[in-house]
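entry02.cif, holding mmCIF, C-alpha atoms:
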```cif
data_input
loop_
_atom_site.label_atom_id
_atom_site.label_comp_id
_atom_site.auth_asym_id
_atom_site.auth_seq_id
_atom_site.Cartn_x
_atom_site.Cartn_y
_atom_site.Cartn_z
CA MET C 216 10.50 -23.63 -7.16
CA ARG C 217 11.91 -22.68 -10.54
CA ASP C 218 11.38 -26.13 -12.00
CA ASN C 219 7.64 -26.18 -11.34
CA ALA C 220 6.37 -25.34 -14.82
CA ILE C 221 2.73 -24.75 -13.85
CA LEU C 222 3.68 -22.28 -11.12
CA VAL C 223 6.04 -20.38 -13.35
CA VAL C 224 3.54 -20.10 -16.20
CA VAL C 225 0.67 -19.05 -13.94
CA ALA C 226 2.86 -16.55 -12.09
CA ARG C 227 4.17 -15.11 -15.33
CA PHE C 228 0.59 -14.58 -16.41
CA THR C 229 -0.77 -13.19 -13.14
CA ILE C 230 2.05 -10.93 -11.88
CA PRO C 231 1.59 -8.27 -14.58
CA LEU C 232 -2.16 -8.41 -14.06
CA ILE C 233 -1.78 -7.90 -10.30
CA MET C 234 0.58 -4.99 -10.86
CA LEU C 235 -1.75 -3.44 -13.41
CA PHE C 236 -4.70 -3.82 -11.06
CA ALA C 237 -2.63 -2.27 -8.27
CA LEU C 238 -1.90 0.75 -10.45
CA TYR C 239 -5.58 0.97 -11.37
CA VAL C 240 -6.60 0.86 -7.72
CA GLN C 241 -3.95 3.46 -6.94
CA PHE C 242 -4.82 6.06 -9.54
CA HIS C 243 -8.53 5.35 -9.87
CA GLY C 244 -9.02 5.41 -6.10
CA GLU C 245 -11.10 8.56 -6.10
CA TYR C 246 -13.66 7.08 -8.47
CA SER C 247 -13.88 3.45 -7.40
CA PRO C 248 -13.07 1.61 -4.18
CA GLY C 249 -9.42 1.62 -3.35
CA GLY C 250 -6.56 3.94 -2.57
CA GLY C 251 -2.97 3.98 -1.51
CA PHE C 252 -3.09 1.30 1.18
CA GLN C 253 -4.78 -1.34 -0.93
CA ALA C 254 -2.75 -0.57 -4.02
CA GLY C 255 0.49 -0.69 -2.07
CA VAL C 256 -0.39 -4.03 -0.57
CA MET C 257 -1.26 -5.43 -3.99
CA PHE C 258 1.97 -4.20 -5.51
CA GLY C 259 3.91 -5.71 -2.65
CA ALA C 260 1.99 -8.96 -3.09
CA ALA C 261 2.93 -9.11 -6.78
CA TRP C 262 6.60 -8.74 -5.86
CA ILE C 263 6.25 -11.39 -3.16
CA LEU C 264 4.69 -13.79 -5.67
CA PHE C 265 7.62 -13.12 -7.96
CA VAL C 266 10.05 -13.86 -5.13
CA LEU C 267 8.19 -17.05 -4.21
CA VAL C 268 8.49 -18.33 -7.77
CA TYR C 269 11.89 -17.06 -8.88
CA GLY C 270 13.76 -16.78 -5.59
CA LEU C 271 14.87 -13.87 -3.44
CA GLU C 272 18.06 -13.16 -5.38
CA THR C 273 16.20 -12.49 -8.63
CA GLY C 274 13.62 -10.38 -6.82
CA LEU C 275 16.31 -8.24 -5.24
CA ARG C 276 18.05 -7.84 -8.58
CA ILE C 277 14.91 -6.16 -9.93
CA ILE C 278 14.21 -3.96 -6.91
CA PRO C 279 17.43 -3.65 -4.86
CA GLU C 280 17.16 -3.60 -1.09
CA ARG C 281 18.54 -0.07 -0.86
CA LEU C 282 15.84 1.14 -3.22
CA ILE C 283 13.17 -0.43 -1.01
CA TYR C 284 14.35 1.49 2.07
CA THR C 285 14.60 4.67 0.07
CA LEU C 286 11.11 4.30 -1.33
CA ALA C 287 9.62 3.53 2.08
CA CYS C 288 10.96 6.82 3.44
CA LEU C 289 10.28 8.79 0.26
CA GLY C 290 6.60 7.88 0.36
CA VAL C 291 6.11 9.40 3.80
CA LEU C 292 8.31 12.36 2.85
CA LEU C 293 6.20 12.96 -0.26
CA TYR C 294 3.11 13.04 1.95
CA CYS C 295 4.68 15.53 4.36
CA PHE C 296 6.07 17.59 1.51
CA ILE C 297 2.64 17.92 -0.09
CA GLY C 298 1.39 19.12 3.28
CA LEU C 299 4.18 21.69 3.50
CA LEU C 300 3.57 22.78 -0.08
CA GLY C 301 0.09 23.80 1.00
CA VAL C 302 1.66 26.00 3.69
CA LEU C 303 4.17 27.51 1.27
CA LEU C 304 1.43 28.42 -1.18
CA GLY C 305 -0.48 30.24 1.50
CA GLY C 306 -2.83 27.66 3.01
CA ARG C 307 -2.74 25.47 6.09
CA TYR C 308 -0.76 22.25 6.54
CA LEU C 309 -2.24 19.55 4.28
CA ASP C 310 -4.59 22.08 2.77
CA PHE C 311 -4.91 21.11 -0.88
CA TYR C 312 -6.87 24.05 -2.24
CA PRO C 313 -3.85 26.32 -2.94
CA LEU C 314 -1.99 23.64 -4.92
CA LEU C 315 -3.65 24.34 -8.24
CA PRO C 316 -6.02 27.03 -9.45
CA GLY C 317 -9.63 26.01 -9.87
CA LYS C 318 -12.17 24.81 -7.37
CA HIS C 319 -11.55 21.07 -7.52
CA ALA C 320 -8.21 20.66 -9.30
CA GLY C 321 -6.10 21.35 -6.22
CA GLN C 322 -8.01 18.89 -4.07
CA GLN C 323 -7.83 16.18 -6.69
CA ALA C 324 -4.12 16.67 -7.30
CA GLY C 325 -3.47 16.68 -3.56
CA ILE C 326 -5.47 13.50 -3.00
CA ILE C 327 -3.73 11.69 -5.86
CA LEU C 328 -0.24 12.72 -4.75
CA VAL C 329 -0.84 11.93 -1.11
CA GLU C 330 -2.33 8.54 -1.92
CA PHE C 331 0.65 7.87 -4.15
CA GLY C 332 2.95 8.55 -1.21
CA VAL C 333 0.95 6.18 0.98
CA GLY C 334 0.99 3.52 -1.73
CA VAL C 335 4.76 3.71 -2.20
CA THR C 336 5.37 3.46 1.53
CA VAL C 337 2.98 0.56 2.04
CA ALA C 338 4.34 -1.40 -0.91
CA SER C 339 7.95 -1.03 0.15
CA VAL C 340 7.27 -1.78 3.82
CA VAL C 341 5.37 -4.95 2.85
CA MET C 342 8.29 -6.00 0.68
CA LEU C 343 10.75 -5.15 3.44
CA ILE C 344 8.98 -7.18 6.11
CA PHE C 345 8.66 -10.18 3.81
CA LEU C 346 12.30 -9.82 2.81
CA TYR C 347 13.53 -9.98 6.38
CA PHE C 348 11.37 -12.89 7.44
CA SER C 349 12.25 -14.97 4.41
CA ARG C 350 15.94 -14.21 4.69
CA ARG C 351 16.00 -15.06 8.39
CA ARG C 352 15.82 -18.79 7.87
CA SER C 353 18.89 -19.00 5.69
CA GLN C 354 20.73 -16.72 8.12
CA VAL C 355 19.81 -18.97 11.02
CA GLU C 356 20.99 -22.00 9.11
CA GLU C 357 24.21 -20.23 8.15
CA ALA C 358 24.93 -19.43 11.79
CA GLY C 359 24.81 -23.15 12.51
CA LEU C 360 21.63 -23.07 14.59
CA ASP C 361 18.93 -25.69 14.40
CA VAL C 362 15.74 -24.41 12.85
CA GLU C 363 13.80 -27.53 13.71
CA TRP C 364 13.41 -27.91 17.43
CA PRO C 365 13.37 -31.29 19.15
CA GLY C 366 9.92 -32.81 19.49
CA GLU C 367 9.01 -31.81 15.94
CA GLU C 368 8.36 -35.38 14.79
CA GLU C 369 4.84 -36.58 15.40
CA MET G 187 -17.58 -21.85 12.21
CA VAL G 188 -14.26 -21.13 10.54
CA ALA G 189 -13.18 -19.20 13.64
CA VAL G 190 -13.92 -22.20 15.85
CA ALA G 191 -11.94 -24.39 13.46
CA VAL G 192 -9.00 -21.97 13.71
CA VAL G 193 -9.03 -22.15 17.50
CA ARG G 194 -9.33 -25.94 17.56
CA GLN G 195 -6.58 -26.44 15.00
CA ARG G 196 -3.20 -27.60 16.36
CA ASP G 197 -1.52 -27.60 12.97
CA LEU G 198 -0.39 -23.99 12.56
CA PHE G 199 -0.13 -24.27 8.80
CA ALA G 200 -3.78 -25.28 8.56
CA ALA G 201 -4.67 -22.53 11.03
CA ALA G 202 -3.00 -19.94 8.79
CA MET G 203 -4.98 -21.21 5.81
CA LEU G 204 -8.22 -21.11 7.80
CA PHE G 205 -7.44 -17.54 8.82
CA ALA G 206 -7.12 -16.66 5.15
CA ILE G 207 -10.52 -18.26 4.48
CA TYR G 208 -11.97 -16.34 7.43
CA SER G 209 -10.63 -13.06 6.04
CA LEU G 210 -11.98 -13.86 2.61
CA LEU G 211 -15.41 -14.60 4.08
CA SER G 212 -15.38 -11.27 5.95
CA ALA G 213 -14.33 -9.56 2.74
CA GLY G 214 -17.35 -11.12 1.06
CA LEU G 215 -19.51 -9.93 3.94
CA PHE G 216 -18.20 -6.37 3.55
CA ALA G 217 -18.82 -6.54 -0.18
CA VAL G 218 -22.40 -7.64 0.52
CA LEU G 219 -22.76 -4.65 2.87
CA ASP G 220 -21.65 -2.35 -0.01
CA ALA G 221 -18.39 -1.40 1.70
CA GLY G 222 -16.15 -1.84 -1.30
CA ASP G 223 -13.10 -0.15 0.18
CA VAL G 224 -13.13 -2.23 3.33
CA ALA G 225 -13.76 -5.41 1.35
CA LEU G 226 -10.81 -4.67 -0.90
CA THR G 227 -8.59 -3.99 2.09
CA GLU G 228 -9.69 -7.11 3.91
CA ALA G 229 -9.12 -9.28 0.85
CA ALA G 230 -5.71 -7.80 0.08
CA VAL G 231 -4.34 -7.38 3.59
CA GLY G 232 -6.19 -9.99 5.63
CA ALA G 233 -6.38 -12.84 3.16
CA GLY G 234 -3.27 -12.02 1.15
CA ILE G 235 -0.37 -10.34 2.87
CA SER G 236 -0.91 -11.37 6.47
CA THR G 237 -1.24 -15.03 5.44
CA ILE G 238 2.03 -14.79 3.54
CA LEU G 239 3.75 -13.13 6.50
CA VAL G 240 2.41 -15.80 8.87
CA LEU G 241 3.72 -18.47 6.51
CA ALA G 242 7.11 -16.75 6.40
CA VAL G 243 7.18 -16.79 10.19
CA LEU G 244 6.08 -20.43 10.24
CA ALA G 245 9.15 -21.29 8.22
CA LEU G 246 11.15 -20.15 11.25
CA THR G 247 9.23 -22.05 13.94
CA HIS G 248 7.38 -25.26 14.55
CA ARG G 249 4.74 -26.51 12.26
CA ARG G 250 2.59 -27.73 15.15
CA GLU G 251 1.49 -25.98 18.29
CA ARG G 252 3.04 -27.39 21.45
CA HIS G 253 0.50 -29.49 23.31
CA ARG G 254 -0.39 -28.30 26.79
CA ARG G 255 -2.11 -30.44 29.33
CA GLY G 256 -5.03 -29.10 31.43
CA HIS G 257 -6.74 -25.74 31.20
CA ASP G 258 -5.62 -22.29 32.23
CA LEU G 259 -8.39 -21.28 34.65
CA PRO G 260 -7.36 -17.64 35.28
CA ALA G 261 -7.20 -17.05 31.54
CA LEU G 262 -10.65 -18.58 31.12
CA ALA G 263 -12.01 -16.35 33.91
CA ILE G 264 -10.52 -13.21 32.32
CA VAL G 265 -11.96 -14.10 28.93
CA LEU G 266 -15.39 -14.80 30.40
CA VAL G 267 -15.49 -11.57 32.44
CA THR G 268 -14.32 -9.45 29.50
CA GLY G 269 -16.77 -11.14 27.15
CA ALA G 270 -19.64 -10.66 29.59
CA GLY G 271 -18.68 -7.00 30.01
CA LEU G 272 -18.64 -6.48 26.25
CA VAL G 273 -22.02 -8.17 25.82
CA TYR G 274 -23.43 -6.03 28.65
CA ALA G 275 -22.04 -2.88 27.02
CA SER G 276 -23.46 -3.88 23.65
CA LEU G 277 -26.97 -3.79 25.15
CA ASP G 278 -26.66 -0.01 25.32
CA LEU G 279 -25.70 0.37 21.67
CA PRO G 280 -28.31 1.87 19.36
CA ALA G 281 -30.19 -0.47 17.06
CA PHE G 282 -28.27 -1.70 14.00
CA GLY G 283 -29.05 0.27 10.85
CA ASP G 284 -31.26 2.83 12.60
CA PRO G 285 -31.04 6.14 10.68
CA ASP G 286 -31.34 8.10 13.96
CA ASN G 287 -28.08 6.63 15.31
CA PRO G 288 -25.52 9.19 16.52
CA VAL G 289 -23.10 7.94 13.86
CA HIS G 290 -25.42 9.13 11.12
CA GLN G 291 -26.20 12.45 12.82
CA HIS G 292 -22.76 13.95 13.40
CA VAL G 293 -20.42 14.62 10.45
CA ALA G 294 -21.56 11.89 8.08
CA PRO G 295 -24.37 13.96 6.49
CA TYR G 296 -21.93 16.80 5.90
CA TYR G 297 -19.51 14.49 4.12
CA ILE G 298 -22.24 12.88 2.07
CA GLU G 299 -23.76 16.17 0.99
CA GLN G 300 -20.67 18.35 0.61
CA THR G 301 -17.92 16.07 -0.69
CA TYR G 302 -18.75 16.35 -4.34
CA SER G 303 -19.16 20.10 -4.31
CA ASP G 304 -16.08 20.54 -2.10
CA MET G 305 -13.65 18.55 -4.16
CA GLY G 306 -15.37 16.88 -7.10
CA VAL G 307 -14.38 13.39 -6.00
CA PRO G 308 -17.07 10.73 -6.28
CA ASN G 309 -15.58 8.26 -3.80
CA LEU G 310 -16.45 9.53 -0.32
CA VAL G 311 -14.03 7.20 1.39
CA ALA G 312 -11.06 8.46 -0.59
CA ALA G 313 -12.11 12.06 0.02
CA VAL G 314 -12.49 11.56 3.76
CA LEU G 315 -9.24 9.62 4.08
CA ALA G 316 -7.01 11.76 1.94
CA SER G 317 -8.45 15.22 2.33
CA TYR G 318 -10.80 15.79 5.28
CA ARG G 319 -8.77 13.53 7.54
CA SER G 320 -5.43 13.75 5.83
CA ILE G 321 -3.45 14.22 9.04
CA ASP G 322 -4.84 10.90 10.34
CA THR G 323 -3.75 9.23 7.13
CA MET G 324 -0.32 10.77 7.45
CA GLY G 325 -0.11 9.26 10.92
CA GLU G 326 -1.09 5.87 9.51
CA ALA G 327 1.59 6.09 6.84
CA ILE G 328 4.14 6.96 9.52
CA VAL G 329 2.95 4.01 11.62
CA ILE G 330 3.52 1.69 8.67
CA LEU G 331 6.98 3.10 8.11
CA THR G 332 7.69 2.61 11.82
CA ALA G 333 6.59 -1.01 11.59
CA GLY G 334 9.00 -1.53 8.72
CA ILE G 335 11.82 0.13 10.65
CA ILE G 336 11.15 -2.02 13.71
CA VAL G 337 11.19 -5.24 11.71
CA PHE G 338 14.44 -3.99 10.22
CA ALA G 339 15.84 -3.32 13.69
CA LEU G 340 14.82 -6.74 14.97
CA LEU G 341 15.75 -8.93 12.04
CA ALA G 342 18.33 -7.17 9.89
CA ALA G 343 21.35 -8.22 11.93
CA PRO G 344 22.33 -11.86 11.41
CA PRO G 345 21.81 -14.07 14.48
CA VAL G 346 24.71 -14.32 16.92
CA ARG G 347 26.20 -17.76 16.95
CA ARG G 348 27.34 -18.61 20.45
CA GLN G 349 24.62 -17.22 22.69
CA ARG G 350 21.75 -18.62 20.70
CA ARG G 351 23.20 -22.09 20.42
CA ASN G 352 23.66 -22.36 24.18
CA ARG G 353 20.14 -21.27 24.87
CA THR G 354 18.45 -23.52 22.31
CA GLY G 355 20.68 -26.40 23.37
CA GLU G 356 19.57 -26.16 26.98
CA ARG G 357 15.96 -25.72 26.12
CA GLY G 358 16.04 -28.65 23.71
CA ALA G 359 17.52 -30.89 26.41
CA SER G 360 14.89 -30.02 28.99
CA ASP G 361 11.87 -29.76 26.71
CA GLY G 362 12.49 -32.76 24.51
CA GLU G 363 11.44 -35.22 27.20
CA GLU G 364 8.18 -33.51 28.08
CA GLU G 365 7.05 -33.08 24.53
CA SER G 366 7.61 -36.63 23.44
CA GLY G 367 5.39 -37.88 26.28
#
```

Take the structure in the file and give it back as structure tokens.
Amino acid sequence: MRDNAILVVVARFTIPLIMLFALYVQFHGEYSPGGGFQAGVMFGAAWILFVLVYGLETGLRIIPERLIYTLACLGVLLYCFIGLLGVLLGGRYLDFYPLLPGKHAGQQAGIILVEFGVGVTVASVVMLIFLYFSRRRSQVEEAGLDVEWPGEEE
Amino acid sequence: MVAVAVVRQRDLFAAAMLFAIYSLLSAGLFAVLDAGDVALTEAAVGAGISTILVLAVLALTHRRERHRRGHDLPALAIVLVTGAGLVYASLDLPAFGDPDNPVHQHVAPYYIEQTYSDMGVPNLVAAVLASYRSIDTMGEAIVILTAGIIVFALLAAPPVRRQRRNRTGERGASDGEEESG
């Protein structure tokens, strides 16, 4: 799709905006609607739009596949680690009050960090699923199998 | 109306697009009901990502649904019985929007009154999700990771050449005649 000038120009304009909005939704989630899940999905969607316009190879050059797996696991681990940090600092599991001194600071820091973990996981899993489905077709063709089944013509 | 169009549609590509429209309409409905978080989720996940994933899957299969002759009567009976049961159960539900509903009596007032003084976060939904119910949210994050791992397990290995070709070859030979008729 690289030769479609309109698509490329529009995508070039919108991808940074989508990513910026995803970051806004991520880190402004406790004031306005949003949070980790939505932000992660938006970030993944921006990457998918990039892949649709520039091709999978270019997309993987920016965020390598290995990094996507790592991030997917790190997000969940960050969540669990924040929970354990509460235990280490003398509270219960996923208790945010001991994280920082002050009445609200600990809760807010905990919420932001935990939502960040969720966002990272969601974004990388969305990318991962799209990556596998879109790569499958070329793999099937490489293996010499017919993608189109008989009876396709109407 | 859009839902009926989705069910009637034989062209799967058009059905995917109609699903996206359906999700967008529900997102608008949620926005009208002042549920900003749900509307955002529905627009991003329902209309955006799931449509793209369905399209990615469509690239691997047929564009059109295979035509079946006749109706599946047991399936129709199951759907009718389940639907009738659900409608019957919905008669017992409390009236929509009634402030005396059990939903509004249990923990909701506590969240609404205490969230700001507990943690100084204006968005109730974020507070409930990430702090009051943070173990649930951790479970959800783990579920998403599991989904990613399972897609990895199913699709990461390249397809095996010999087995698949035999199977599709046989199926193509037997099915081709029926479908063209």

Subject >> One-decimal distance in Å that lies between CA of Thr237 (chain G) and CA of Leu275 (chain C) >> reply: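 Interatomic distance here is 21.6 Å.
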
**OP:** Evaluate the PyMOL selection byres ((chain C) within 7 of (chain G)) on the structure here and hand back the selected residues as number ranges by chain.
**Re:** C: 244-250, 253, 256-257, 260, 287, 291, 294, 309, 319, 322-323, 326, 329-330, 333, 336-337, 340, 343-345, 347-349, 352, 354-355, 358, 360, 362-367

Subject >> Long-range neighbours of region 231-234 of chain C as a count of residues only, 10 Å cut-off, only C-alpha atoms, 5 positions minimum in chain >> reply: 12

Original post:
What gap, in Å, lies between CA of Leu303 (chain C) and CA of Cys288 (chain C)?
Top reply: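 Between these atoms lies a distance of 21.9 Å.
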
**OP:** May I ask for the distance between CA of Ala233 (chain G) and CA of Ala201 (chain G), given in Å to one decimal place?
**Re:**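 Calculated distance between CA of Ala233 (chain G) and CA of Ala201 (chain G) is 12.6 Å.
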